[in-house]
$ cat my_file-v1.tsv   # TSV, C-alpha atoms
chain	number	residue	atom	x	y	z
A	1	MET	CA	24.86	-8.83	-7.77
A	2	HIS	CA	24.70	-6.50	-10.77
A	3	PRO	CA	25.26	-2.85	-9.64
A	4	GLU	CA	21.99	-1.72	-11.26
A	5	SER	CA	19.89	-4.35	-9.47
A	6	ALA	CA	21.72	-3.61	-6.19
A	7	ARG	CA	20.88	0.09	-6.63
A	8	LEU	CA	17.21	-0.66	-7.28
A	9	ARG	CA	17.01	-3.02	-4.33
A	10	ILE	CA	18.47	-0.50	-1.83
A	11	LYS	CA	16.31	2.29	-3.27
A	12	SER	CA	13.21	0.08	-2.96
A	13	TRP	CA	13.99	-0.79	0.67
A	14	ILE	CA	14.46	2.86	1.64
A	15	CYS	CA	11.28	3.92	-0.16
A	16	ALA	CA	9.30	1.01	1.35
A	17	ALA	CA	10.46	2.12	4.82
A	18	VAL	CA	9.12	5.63	4.11
A	19	VAL	CA	5.82	4.12	2.86
A	20	VAL	CA	5.39	2.08	6.04
A	21	ALA	CA	6.41	4.93	8.38
A	22	GLY	CA	3.97	7.32	6.63
A	23	ASN	CA	1.12	4.84	6.93
A	24	VAL	CA	1.67	3.84	10.56
A	25	GLY	CA	2.49	7.39	11.74
A	26	GLY	CA	-0.40	8.92	9.80
A	27	ASN	CA	-2.97	6.48	11.19
A	28	TYR	CA	-1.58	6.85	14.71
A	29	PHE	CA	-1.80	10.66	14.77
A	30	LEU	CA	-5.23	10.65	13.08
A	31	LYS	CA	-6.55	8.27	15.72
A	32	ARG	CA	-5.06	10.33	18.56
A	33	GLY	CA	-6.24	13.66	17.19
A	34	MET	CA	-9.77	12.75	16.11
A	35	PRO	CA	-12.53	13.63	18.58
A	36	ALA	CA	-15.04	10.91	19.41
A	37	GLN	CA	-17.81	12.63	17.45
A	38	LEU	CA	-18.07	15.14	14.64
A	39	PRO	CA	-21.43	16.88	15.25
A	40	ASP	CA	-21.90	18.83	12.01
A	41	PRO	CA	-20.37	19.06	8.49
A	42	LEU	CA	-18.32	22.12	9.49
A	43	ALA	CA	-16.62	20.03	12.18
A	44	TYR	CA	-15.10	17.84	9.43
A	45	ILE	CA	-13.25	20.95	8.19
A	46	THR	CA	-12.27	22.49	11.52
A	47	VAL	CA	-10.90	19.18	12.79
A	48	LEU	CA	-8.17	19.47	10.12
A	49	PHE	CA	-6.71	22.42	12.05
A	50	ARG	CA	-5.97	20.32	15.11
A	51	PRO	CA	-2.18	19.82	15.13
A	52	GLN	CA	-2.31	16.04	15.50
A	53	VAL	CA	-4.94	15.61	12.77
A	54	ALA	CA	-2.97	17.91	10.44
A	55	LEU	CA	0.21	15.91	11.12
A	56	GLY	CA	-1.69	12.66	10.50
A	57	VAL	CA	-3.04	13.91	7.17
A	58	ALA	CA	0.42	15.16	6.14
A	59	LEU	CA	1.94	11.76	6.94
A	60	LEU	CA	-0.78	9.98	4.93
A	61	ILE	CA	0.07	12.23	1.97
A	62	VAL	CA	3.72	11.15	2.40
A	63	TRP	CA	2.45	7.55	2.43
A	64	LEU	CA	0.48	7.96	-0.81
A	65	ALA	CA	3.25	9.88	-2.63
A	66	SER	CA	6.06	7.52	-1.60
A	67	ARG	CA	3.95	4.50	-2.56
A	68	MET	CA	3.34	5.99	-6.01
A	69	ALA	CA	7.07	6.73	-6.36
A	70	LEU	CA	7.89	3.13	-5.37
A	71	LEU	CA	5.43	1.81	-7.99
A	72	SER	CA	7.18	3.89	-10.67
A	73	TRP	CA	10.02	1.34	-10.65
A	74	ALA	CA	8.96	-1.63	-8.51
A	75	ASP	CA	6.52	-4.48	-9.26
A	76	LEU	CA	3.07	-4.34	-7.66
A	77	SER	CA	3.56	-7.99	-6.64
A	78	TYR	CA	6.71	-6.82	-4.76
A	79	VAL	CA	5.25	-3.64	-3.19
A	80	LEU	CA	2.16	-5.36	-1.76
A	81	PRO	CA	3.87	-7.93	0.50
A	82	VAL	CA	6.89	-5.78	1.38
A	83	THR	CA	4.83	-2.80	2.61
A	84	SER	CA	2.54	-5.01	4.71
A	85	VAL	CA	5.04	-4.61	7.59
A	86	ASN	CA	2.59	-1.92	8.74
A	87	TYR	CA	0.20	-4.60	10.10
A	88	VAL	CA	3.06	-5.82	12.32
A	89	LEU	CA	4.00	-2.30	13.46
A	90	VAL	CA	0.36	-1.47	14.33
A	91	ALA	CA	0.10	-4.63	16.45
A	92	LEU	CA	3.43	-3.89	18.18
A	93	ALA	CA	2.49	-0.22	18.72
A	94	GLY	CA	-0.72	-1.40	20.40
A	95	ARG	CA	1.39	-3.41	22.83
A	96	LEU	CA	4.05	-0.76	23.49
A	97	LEU	CA	1.93	2.41	23.56
A	98	LEU	CA	-1.52	1.16	24.60
A	99	ASP	CA	-0.42	-1.82	26.70
A	100	GLU	CA	-2.61	-4.23	24.72
A	101	ARG	CA	-1.97	-7.95	25.10
A	102	ILE	CA	-0.87	-9.86	22.00
A	103	SER	CA	-2.36	-13.35	21.90
A	104	ALA	CA	-0.48	-16.41	20.65
A	105	ARG	CA	-2.57	-16.29	17.47
A	106	ARG	CA	-1.56	-12.70	16.76
A	107	TRP	CA	2.12	-13.50	17.40
A	108	THR	CA	1.78	-16.32	14.84
A	109	GLY	CA	0.26	-13.86	12.37
A	110	ILE	CA	3.07	-11.38	12.98
A	111	GLY	CA	5.60	-14.15	12.35
A	112	LEU	CA	3.90	-15.17	9.08
A	113	ILE	CA	3.80	-11.58	7.80
A	114	MET	CA	7.48	-11.02	8.65
A	115	ALA	CA	8.41	-14.28	6.93
A	116	GLY	CA	6.49	-13.22	3.82
A	117	VAL	CA	8.09	-9.77	3.80
A	118	ALA	CA	11.58	-11.23	4.29
A	119	LEU	CA	11.05	-13.79	1.54
A	120	VAL	CA	9.85	-11.30	-1.09
A	121	SER	CA	12.20	-8.43	-0.18
A	122	ALA	CA	15.39	-10.49	0.14
A	123	ALA	CA	14.87	-13.28	-2.37
A	124	THR	CA	13.14	-11.58	-5.31
A	125	SER	CA	14.16	-8.62	-7.46
A	126	PRO	CA	11.99	-5.49	-7.09
A	127	GLN	CA	11.59	-5.11	-10.85
A	128	THR	CA	10.76	-7.83	-13.35
A	129	PHE	CA	8.39	-6.04	-15.72
A	130	ALA	CA	11.07	-4.12	-17.66
A	131	ARG	CA	12.75	-7.31	-18.78
A	132	ALA	CA	9.38	-8.84	-19.62
A	133	GLU	CA	8.40	-5.81	-21.68
A	134	GLN	CA	11.73	-5.81	-23.49
A	135	ARG	CA	11.21	-9.45	-24.36
A	136	ALA	CA	7.79	-8.59	-25.78
A	137	GLY	CA	9.43	-5.80	-27.79
A	138	ALA	CA	7.18	-3.19	-26.19
A	139	ALA	CA	9.45	-0.82	-24.28
A	140	GLY	CA	7.56	1.45	-21.88
A	141	ALA	CA	6.67	4.99	-22.94
A	142	GLY	CA	9.45	7.61	-22.51
A	143	ARG	CA	10.21	9.04	-19.12
B	1	MET	CA	-25.02	-5.28	3.40
B	2	ARG	CA	-21.52	-5.84	4.68
B	3	TRP	CA	-20.68	-8.32	1.92
B	4	VAL	CA	-21.83	-5.75	-0.67
B	5	LEU	CA	-19.41	-3.26	0.90
B	6	VAL	CA	-16.60	-5.84	0.98
B	7	GLY	CA	-17.23	-6.48	-2.73
B	8	ALA	CA	-17.13	-2.75	-3.49
B	9	ILE	CA	-13.91	-2.28	-1.49
B	10	VAL	CA	-12.15	-5.25	-3.08
B	11	ALA	CA	-13.19	-4.18	-6.60
B	12	ALA	CA	-12.26	-0.50	-6.13
B	13	THR	CA	-8.94	-1.24	-4.40
B	14	THR	CA	-7.88	-3.82	-6.97
B	15	VAL	CA	-8.79	-1.66	-9.98
B	16	GLY	CA	-7.24	1.42	-8.34
B	17	GLU	CA	-3.91	-0.15	-7.44
B	18	VAL	CA	-3.45	-1.95	-10.75
B	19	LEU	CA	-4.21	1.31	-12.62
B	20	GLN	CA	-1.82	3.18	-10.34
B	21	ALA	CA	0.97	0.69	-10.94
B	22	LYS	CA	0.36	0.86	-14.71
B	23	GLY	CA	0.17	4.66	-14.71
B	24	MET	CA	3.34	5.07	-12.61
B	25	ARG	CA	5.18	2.60	-14.81
B	26	ARG	CA	4.20	4.55	-17.90
B	27	HIS	CA	5.67	7.65	-16.23
B	28	GLY	CA	8.91	5.79	-15.58
B	29	GLU	CA	11.28	5.52	-12.63
B	30	ILE	CA	11.35	8.59	-10.39
B	31	ARG	CA	15.05	9.37	-9.92
B	32	ASP	CA	15.14	13.02	-8.86
B	33	PHE	CA	13.72	13.66	-5.38
B	34	ARG	CA	14.45	17.43	-5.18
B	35	PRO	CA	11.31	19.54	-4.57
B	36	GLY	CA	11.30	21.18	-8.02
B	37	ALA	CA	11.61	17.88	-9.86
B	38	LEU	CA	8.94	16.31	-7.68
B	39	GLY	CA	6.60	19.22	-8.46
B	40	ARG	CA	7.14	18.67	-12.19
B	41	ALA	CA	6.49	14.93	-11.75
B	42	ILE	CA	3.21	15.68	-9.92
B	43	ALA	CA	2.13	18.05	-12.71
B	44	LEU	CA	2.84	15.32	-15.27
B	45	LEU	CA	1.09	12.64	-13.22
B	46	ALA	CA	-2.04	14.78	-12.79
B	47	ARG	CA	-2.47	14.56	-16.57
B	48	ASN	CA	-1.97	10.79	-16.58
B	49	TRP	CA	-5.54	9.41	-16.77
B	50	MET	CA	-4.60	6.10	-15.20
B	51	VAL	CA	-3.15	7.81	-12.13
B	52	ALA	CA	-6.17	10.16	-11.88
B	53	ALA	CA	-8.61	7.24	-12.20
B	54	SER	CA	-6.65	5.26	-9.62
B	55	ILE	CA	-6.93	8.08	-7.06
B	56	LEU	CA	-10.70	8.20	-7.70
B	57	ALA	CA	-11.01	4.41	-7.26
B	58	MET	CA	-8.98	4.54	-4.05
B	59	ALA	CA	-11.21	7.33	-2.70
B	60	VAL	CA	-14.28	5.13	-3.41
B	61	SER	CA	-12.54	2.26	-1.63
B	62	PHE	CA	-11.67	4.48	1.37
B	63	PHE	CA	-15.25	5.71	1.89
B	64	ALA	CA	-16.68	2.22	1.38
B	65	TYR	CA	-14.20	1.02	4.03
B	66	LEU	CA	-15.39	3.72	6.47
B	67	ALA	CA	-18.98	2.60	5.77
B	68	LEU	CA	-17.99	-1.03	6.39
B	69	LEU	CA	-16.43	-0.09	9.73
B	70	THR	CA	-19.74	1.43	10.86
B	71	VAL	CA	-21.61	-1.88	10.25
B	72	SER	CA	-18.91	-4.40	11.20
B	73	GLU	CA	-15.90	-4.97	13.43
B	74	LEU	CA	-12.30	-4.30	12.39
B	75	SER	CA	-11.72	-8.02	12.92
B	76	PHE	CA	-14.13	-8.70	10.05
B	77	ALA	CA	-13.14	-5.79	7.80
B	78	VAL	CA	-9.37	-6.33	7.67
B	79	PRO	CA	-9.22	-10.06	6.83
B	80	ALA	CA	-12.22	-9.83	4.45
B	81	THR	CA	-10.48	-7.13	2.43
B	82	ALA	CA	-7.11	-8.97	2.47
B	83	VAL	CA	-8.49	-10.88	-0.55
B	84	THR	CA	-7.21	-7.93	-2.61
B	85	TYR	CA	-3.63	-9.20	-2.11
B	86	ALA	CA	-4.40	-12.41	-3.98
B	87	LEU	CA	-6.43	-10.68	-6.72
B	88	GLU	CA	-3.82	-7.99	-7.27
B	89	THR	CA	-0.98	-10.51	-7.40
B	90	LEU	CA	-2.90	-12.41	-10.10
B	91	LEU	CA	-3.51	-9.20	-12.06
B	92	ALA	CA	0.15	-8.17	-11.59
B	93	LYS	CA	1.07	-11.35	-13.43
B	94	TYR	CA	-1.55	-11.32	-16.19
B	95	VAL	CA	-2.23	-7.60	-16.73
B	96	LEU	CA	1.03	-5.93	-15.68
B	97	GLY	CA	3.27	-8.71	-17.02
B	98	GLU	CA	5.31	-9.15	-13.84
B	99	ARG	CA	7.25	-12.33	-13.26
B	100	VAL	CA	5.44	-13.71	-10.21
B	101	THR	CA	7.71	-16.57	-9.19
B	102	TRP	CA	6.74	-19.21	-6.65
B	103	LEU	CA	8.77	-17.23	-4.07
B	104	ARG	CA	6.49	-14.21	-4.62
B	105	TRP	CA	3.39	-16.38	-4.37
B	106	ALA	CA	4.71	-17.94	-1.17
B	107	GLY	CA	5.41	-14.47	0.25
B	108	ALA	CA	1.96	-13.19	-0.70
B	109	GLY	CA	0.39	-16.33	0.81
B	110	LEU	CA	2.29	-15.90	4.10
B	111	VAL	CA	1.23	-12.24	4.29
B	112	ILE	CA	-2.46	-13.03	3.58
B	113	GLY	CA	-2.47	-15.75	6.25
B	114	GLY	CA	-0.63	-13.49	8.68
B	115	VAL	CA	-3.00	-10.54	8.16
B	116	ALA	CA	-5.96	-12.84	8.80
B	117	LEU	CA	-4.41	-14.16	12.03
B	118	VAL	CA	-3.36	-10.71	13.31
B	119	SER	CA	-6.78	-9.14	12.78
B	120	LEU	CA	-9.24	-11.97	13.51
$ encode --input "my_file-v1.tsv" --output "C-alpha coordinates"
Amino acid sequence: MHPESARLRIKSWICAAVVVAGNVGGNYFLKRGMPAQLPDPLAYITVLFRPQVALGVALLIVWLASRMALLSWADLSYVLPVTSVNYVLVALAGRLLLDERISARRWTGIGLIMAGVALVSAATSPQTFARAEQRAGAAGAGR
Amino acid sequence: MRWVLVGAIVAATTVGEVLQAKGMRRHGEIRDFRPGALGRAIALLARNWMVAASILAMAVSFFAYLALLTVSELSFAVPATAVTYALETLLAKYVLGERVTWLRWAGAGLVIGGVALVSL
(Lines of atoms letter the chains of each structure in order from A and count residues from 1; the text may use other names and numbers.)
(Lines give C-alpha, C1' and ligand atoms only; values in the text may rest on other atoms or scores of the structure.)
Protein backbone atom coordinates (compact mmCIF):
# COMPACT_ATOMS: atom_id res chain seq x y z
CA MET A 1 0.00 0.00 0.00
CA HIS A 2 1.18 3.52 -0.80
CA PRO A 3 2.55 5.20 2.40
CA GLU A 4 0.20 8.18 2.00
CA SER A 5 -2.92 6.00 1.75
CA ALA A 6 -1.69 3.86 4.67
CA ARG A 7 -1.27 7.03 6.75
CA LEU A 8 -4.78 8.24 5.88
CA ARG A 9 -6.29 4.85 6.63
CA ILE A 10 -4.70 4.57 10.11
CA LYS A 11 -5.57 8.20 10.89
CA SER A 12 -9.19 7.58 9.80
CA TRP A 13 -9.49 4.48 11.98
CA ILE A 14 -8.16 6.29 15.07
CA CYS A 15 -10.43 9.29 14.48
CA ALA A 16 -13.46 7.04 13.83
CA ALA A 17 -12.78 5.28 17.16
CA VAL A 18 -12.82 8.68 18.92
CA VAL A 19 -16.09 9.59 17.10
CA VAL A 20 -17.77 6.36 18.23
CA ALA A 21 -16.46 6.58 21.82
CA GLY A 22 -17.64 10.21 22.10
CA ASN A 23 -21.10 9.32 20.84
CA VAL A 24 -21.65 6.20 22.95
CA GLY A 25 -20.08 7.68 26.11
CA GLY A 26 -21.90 10.99 25.70
CA ASN A 27 -25.31 9.37 25.29
CA TYR A 28 -24.65 6.98 28.17
CA PHE A 29 -23.73 9.71 30.68
CA LEU A 30 -26.57 11.98 29.50
CA LYS A 31 -29.06 9.17 30.02
CA ARG A 32 -27.66 8.35 33.48
CA GLY A 33 -27.48 11.96 34.61
CA MET A 34 -30.80 13.26 33.31
CA PRO A 35 -33.62 13.39 35.86
CA ALA A 36 -36.96 11.88 34.83
CA GLN A 37 -38.60 15.30 34.53
CA LEU A 38 -37.51 18.87 34.02
CA PRO A 39 -40.24 20.95 35.71
CA ASP A 40 -39.40 24.47 34.50
CA PRO A 41 -37.17 26.21 31.91
CA LEU A 42 -34.56 27.01 34.58
CA ALA A 43 -34.17 23.28 35.23
CA TYR A 44 -32.83 22.86 31.67
CA ILE A 45 -29.92 25.13 32.65
CA THR A 46 -29.25 23.83 36.16
CA VAL A 47 -29.23 20.22 34.96
CA LEU A 48 -26.04 21.06 33.01
CA PHE A 49 -24.21 21.43 36.34
CA ARG A 50 -24.79 17.82 37.30
CA PRO A 51 -21.42 16.07 36.86
CA GLN A 52 -22.75 13.24 34.71
CA VAL A 53 -24.75 15.55 32.44
CA ALA A 54 -21.74 17.87 32.07
CA LEU A 55 -19.52 14.89 31.19
CA GLY A 56 -22.13 13.68 28.70
CA VAL A 57 -22.31 17.08 27.00
CA ALA A 58 -18.50 17.32 26.90
CA LEU A 59 -18.27 13.89 25.27
CA LEU A 60 -20.91 14.85 22.68
CA ILE A 61 -18.82 17.93 21.84
CA VAL A 62 -15.84 15.58 21.35
CA TRP A 63 -18.10 13.49 19.09
CA LEU A 64 -19.13 16.47 16.95
CA ALA A 65 -15.60 17.92 16.70
CA SER A 66 -13.91 14.60 15.88
CA ARG A 67 -16.57 13.83 13.27
CA MET A 68 -15.96 17.20 11.62
CA ALA A 69 -12.19 16.58 11.69
CA LEU A 70 -12.72 13.15 10.11
CA LEU A 71 -14.85 14.71 7.34
CA SER A 72 -12.03 17.16 6.57
CA TRP A 73 -10.16 14.32 4.84
CA ALA A 74 -12.48 11.31 4.60
CA ASP A 75 -15.45 10.65 2.28
CA LEU A 76 -18.96 11.04 3.70
CA SER A 77 -19.81 7.67 2.12
CA TYR A 78 -16.92 6.20 4.21
CA VAL A 79 -17.66 8.01 7.50
CA LEU A 80 -21.35 7.05 7.59
CA PRO A 81 -21.01 3.24 7.60
CA VAL A 82 -17.74 3.12 9.56
CA THR A 83 -19.02 5.22 12.49
CA SER A 84 -22.26 3.22 12.75
CA VAL A 85 -20.42 0.83 15.12
CA ASN A 86 -22.14 2.93 17.82
CA TYR A 87 -25.45 1.07 17.22
CA VAL A 88 -23.62 -2.18 18.03
CA LEU A 89 -21.94 -0.74 21.13
CA VAL A 90 -25.25 0.64 22.45
CA ALA A 91 -26.89 -2.77 22.05
CA LEU A 92 -23.94 -4.52 23.74
CA ALA A 93 -23.83 -1.92 26.55
CA GLY A 94 -27.52 -2.61 27.18
CA ARG A 95 -26.67 -6.28 27.66
CA LEU A 96 -23.55 -5.78 29.79
CA LEU A 97 -24.59 -2.82 31.96
CA LEU A 98 -28.39 -3.07 32.06
CA ASP A 99 -28.69 -6.85 31.71
CA GLU A 100 -31.04 -6.55 28.72
CA ARG A 101 -31.64 -9.63 26.60
CA ILE A 102 -30.53 -9.48 22.96
CA SER A 103 -32.94 -11.34 20.68
CA ALA A 104 -31.84 -13.43 17.69
CA ARG A 105 -33.08 -10.64 15.41
CA ARG A 106 -30.92 -8.04 17.15
CA TRP A 107 -27.87 -10.34 16.99
CA THR A 108 -28.49 -10.64 13.24
CA GLY A 109 -28.65 -6.85 12.98
CA ILE A 110 -25.41 -6.50 14.95
CA GLY A 111 -23.75 -8.99 12.60
CA LEU A 112 -24.95 -7.10 9.50
CA ILE A 113 -23.70 -3.75 10.84
CA MET A 114 -20.29 -5.21 11.73
CA ALA A 115 -20.04 -6.80 8.28
CA GLY A 116 -20.85 -3.45 6.65
CA VAL A 117 -18.32 -1.61 8.80
CA ALA A 118 -15.62 -4.20 8.12
CA LEU A 119 -16.30 -4.13 4.38
CA VAL A 120 -16.12 -0.35 4.02
CA SER A 121 -13.27 0.27 6.49
CA ALA A 122 -10.97 -2.54 5.29
CA ALA A 123 -11.77 -2.78 1.59
CA THR A 124 -12.25 0.84 0.50
CA SER A 125 -9.96 3.86 0.73
CA PRO A 126 -11.12 6.63 3.10
CA GLN A 127 -10.58 9.34 0.48
CA THR A 128 -11.64 9.25 -3.15
CA PHE A 129 -12.82 12.81 -3.73
CA ALA A 130 -9.34 14.37 -4.07
CA ARG A 131 -8.49 12.19 -7.03
CA ALA A 132 -11.92 12.85 -8.54
CA GLU A 133 -11.48 16.60 -8.13
CA GLN A 134 -8.00 16.49 -9.63
CA ARG A 135 -9.39 14.65 -12.62
CA ALA A 136 -12.02 17.36 -13.04
CA GLY A 137 -9.23 19.95 -12.84
CA ALA A 138 -10.88 21.64 -9.85
CA ALA A 139 -8.46 21.32 -6.95
CA GLY A 140 -10.05 22.14 -3.59
CA ALA A 141 -9.60 25.60 -2.09
CA GLY A 142 -6.32 26.17 -0.17
CA ARG A 143 -5.89 24.84 3.32
CA MET B 1 -47.71 13.87 12.50
CA ARG B 2 -44.89 11.42 13.01
CA TRP B 3 -44.27 11.05 9.27
CA VAL B 4 -44.02 14.85 8.98
CA LEU B 5 -41.35 14.77 11.71
CA VAL B 6 -39.53 11.88 10.01
CA GLY B 7 -39.52 13.92 6.78
CA ALA B 8 -38.16 16.98 8.60
CA ILE B 9 -35.44 14.91 10.32
CA VAL B 10 -34.36 13.15 7.14
CA ALA B 11 -34.26 16.43 5.17
CA ALA B 12 -32.40 18.39 7.86
CA THR B 13 -29.89 15.61 8.60
CA THR B 14 -29.14 14.98 4.94
CA VAL B 15 -28.70 18.66 4.06
CA GLY B 16 -26.69 19.27 7.25
CA GLU B 17 -24.25 16.39 6.81
CA VAL B 18 -23.65 16.98 3.11
CA LEU B 19 -23.00 20.69 3.80
CA GLN B 20 -20.69 19.75 6.67
CA ALA B 21 -18.71 17.34 4.51
CA LYS B 22 -18.44 19.98 1.75
CA GLY B 23 -17.48 22.72 4.21
CA MET B 24 -14.84 20.58 5.97
CA ARG B 25 -13.41 19.51 2.64
CA ARG B 26 -13.09 23.12 1.57
CA HIS B 27 -11.14 23.76 4.79
CA GLY B 28 -8.82 20.87 3.98
CA GLU B 29 -7.32 18.02 5.98
CA ILE B 30 -6.81 18.79 9.67
CA ARG B 31 -3.23 17.69 10.40
CA ASP B 32 -2.28 19.59 13.56
CA PHE B 33 -4.14 18.44 16.68
CA ARG B 34 -2.38 20.71 19.23
CA PRO B 35 -4.80 22.97 21.16
CA GLY B 36 -3.58 26.23 19.59
CA ALA B 37 -3.90 24.91 16.04
CA LEU B 38 -7.32 23.45 16.79
CA GLY B 39 -8.45 26.83 18.15
CA ARG B 40 -7.33 28.52 14.92
CA ALA B 41 -9.15 25.85 12.88
CA ILE B 42 -12.36 26.45 14.87
CA ALA B 43 -12.06 30.22 14.30
CA LEU B 44 -11.68 29.60 10.55
CA LEU B 45 -14.55 27.10 10.46
CA ALA B 46 -16.90 29.49 12.27
CA ARG B 47 -16.58 31.80 9.26
CA ASN B 48 -17.24 28.96 6.80
CA TRP B 49 -20.93 29.40 5.89
CA MET B 50 -21.38 25.77 4.92
CA VAL B 51 -20.17 24.58 8.32
CA ALA B 52 -22.32 27.18 10.14
CA ALA B 53 -25.40 26.21 8.08
CA SER B 54 -24.71 22.53 8.72
CA ILE B 55 -24.67 23.06 12.50
CA LEU B 56 -28.01 24.91 12.22
CA ALA B 57 -29.52 22.09 10.12
CA MET B 58 -28.28 19.48 12.59
CA ALA B 59 -29.80 21.43 15.50
CA VAL B 60 -33.17 21.44 13.64
CA SER B 61 -32.78 17.70 13.09
CA PHE B 62 -31.94 17.12 16.79
CA PHE B 63 -35.01 18.97 18.10
CA ALA B 64 -37.28 17.34 15.51
CA TYR B 65 -35.88 13.98 16.68
CA LEU B 66 -36.70 14.83 20.32
CA ALA B 67 -40.23 15.77 19.19
CA LEU B 68 -40.53 12.48 17.29
CA LEU B 69 -39.50 10.54 20.40
CA THR B 70 -42.36 12.13 22.34
CA VAL B 71 -44.96 10.85 19.82
CA SER B 72 -43.41 7.51 18.83
CA GLU B 73 -41.24 4.65 20.06
CA LEU B 74 -37.48 4.45 19.58
CA SER B 75 -38.16 1.29 17.56
CA PHE B 76 -40.01 3.45 15.02
CA ALA B 77 -37.74 6.50 15.14
CA VAL B 78 -34.37 4.83 14.57
CA PRO B 79 -35.16 2.66 11.51
CA ALA B 80 -37.38 5.36 9.95
CA THR B 81 -34.53 7.86 10.08
CA ALA B 82 -31.95 5.32 8.82
CA VAL B 83 -33.17 6.31 5.32
CA THR B 84 -30.66 9.17 5.61
CA TYR B 85 -27.82 6.68 5.04
CA ALA B 86 -29.10 5.83 1.58
CA LEU B 87 -29.89 9.46 0.66
CA GLU B 88 -26.54 10.74 1.89
CA THR B 89 -24.63 8.01 0.07
CA LEU B 90 -26.41 9.02 -3.15
CA LEU B 91 -25.60 12.69 -2.56
CA ALA B 92 -21.99 11.80 -1.67
CA LYS B 93 -21.70 10.34 -5.15
CA TYR B 94 -23.55 13.00 -7.15
CA VAL B 95 -22.96 16.20 -5.14
CA LEU B 96 -19.64 15.55 -3.38
CA GLY B 97 -18.11 13.60 -6.27
CA GLU B 98 -17.01 10.60 -4.19
CA ARG B 99 -16.27 7.29 -5.85
CA VAL B 100 -19.02 5.13 -4.35
CA THR B 101 -17.98 1.66 -5.49
CA TRP B 102 -20.21 -1.39 -5.22
CA LEU B 103 -18.27 -2.31 -2.04
CA ARG B 104 -19.36 0.99 -0.44
CA TRP B 105 -22.95 0.44 -1.54
CA ALA B 106 -22.87 -3.09 -0.15
CA GLY B 107 -21.47 -1.77 3.15
CA ALA B 108 -24.11 0.97 3.36
CA GLY B 109 -26.83 -1.59 2.55
CA LEU B 110 -25.62 -3.99 5.28
CA VAL B 111 -25.56 -1.14 7.82
CA ILE B 112 -29.08 0.08 6.89
CA GLY B 113 -30.46 -3.46 7.18
CA GLY B 114 -28.58 -4.02 10.43
CA VAL B 115 -29.80 -0.76 12.01
CA ALA B 116 -33.38 -1.69 11.12
CA LEU B 117 -33.01 -5.15 12.68
CA VAL B 118 -31.27 -3.88 15.85
CA SER B 119 -33.87 -1.21 16.57
CA LEU B 120 -37.16 -2.75 15.40
$ atom_distance --input "my_file-v1.tsv" --atom1 "CA of Thr83 in chain A" --atom2 "CA of Leu90 in chain B"
17.7 Å
$ closest_residue --input "my_file-v1.tsv" --among "A:Ser77, A:Ser125, A:Ser103, A:Ser72" --to "Lys22 in chain B" --atoms "only C-alpha atoms"
A:Ser72
$ atom_distance --input "my_file-v1.tsv" --atom1 "CA of Ala91 in chain A" --atom2 "CA of Thr14 in chain B"
24.8 Å
$ residues_around --input "my_file-v1.tsv" --residues "Ala64 in chain B" --least-positions-apart "5" --cutoff "12 Å" --atoms "all atoms listed in the file" --output "PyMOL selection string"
chain B and resi 1-13+57-59+69-71+77+81
$ closest_residue --input "my_file-v1.tsv" --among "B:Ala21, B:Leu38, B:Leu56, B:Ala80" --to "chain A" --atoms "only C-alpha atoms"
B:Ala21
$ interface_residues --input "my_file-v1.tsv" --of "chain A" --to "chain B" --cutoff "9 Å" --atoms "all atoms listed in the file" --output "JSON, numbers by chain"
{"A": [68, 69, 70, 71, 72, 73, 74, 75, 76, 77, 78, 80, 81, 82, 84, 87, 88, 91, 105, 106, 107, 108, 109, 110, 111, 112, 113, 114, 115, 116, 117, 118, 119, 120, 123, 124, 127, 128, 129, 130, 132, 133, 140, 141, 142, 143]}
$ residues_around --input "my_file-v1.tsv" --residues "Arg9 in chain A" --least-positions-apart "2" --cutoff "9 Å" --atoms "all atoms listed in the file" --output "list in words"
Glu4, Ser5, Ala6, Arg7, Lys11, Ser12, Trp13, Ile14, Ser121, Ala122, Ser125, Pro126 and Gln127 of chain A
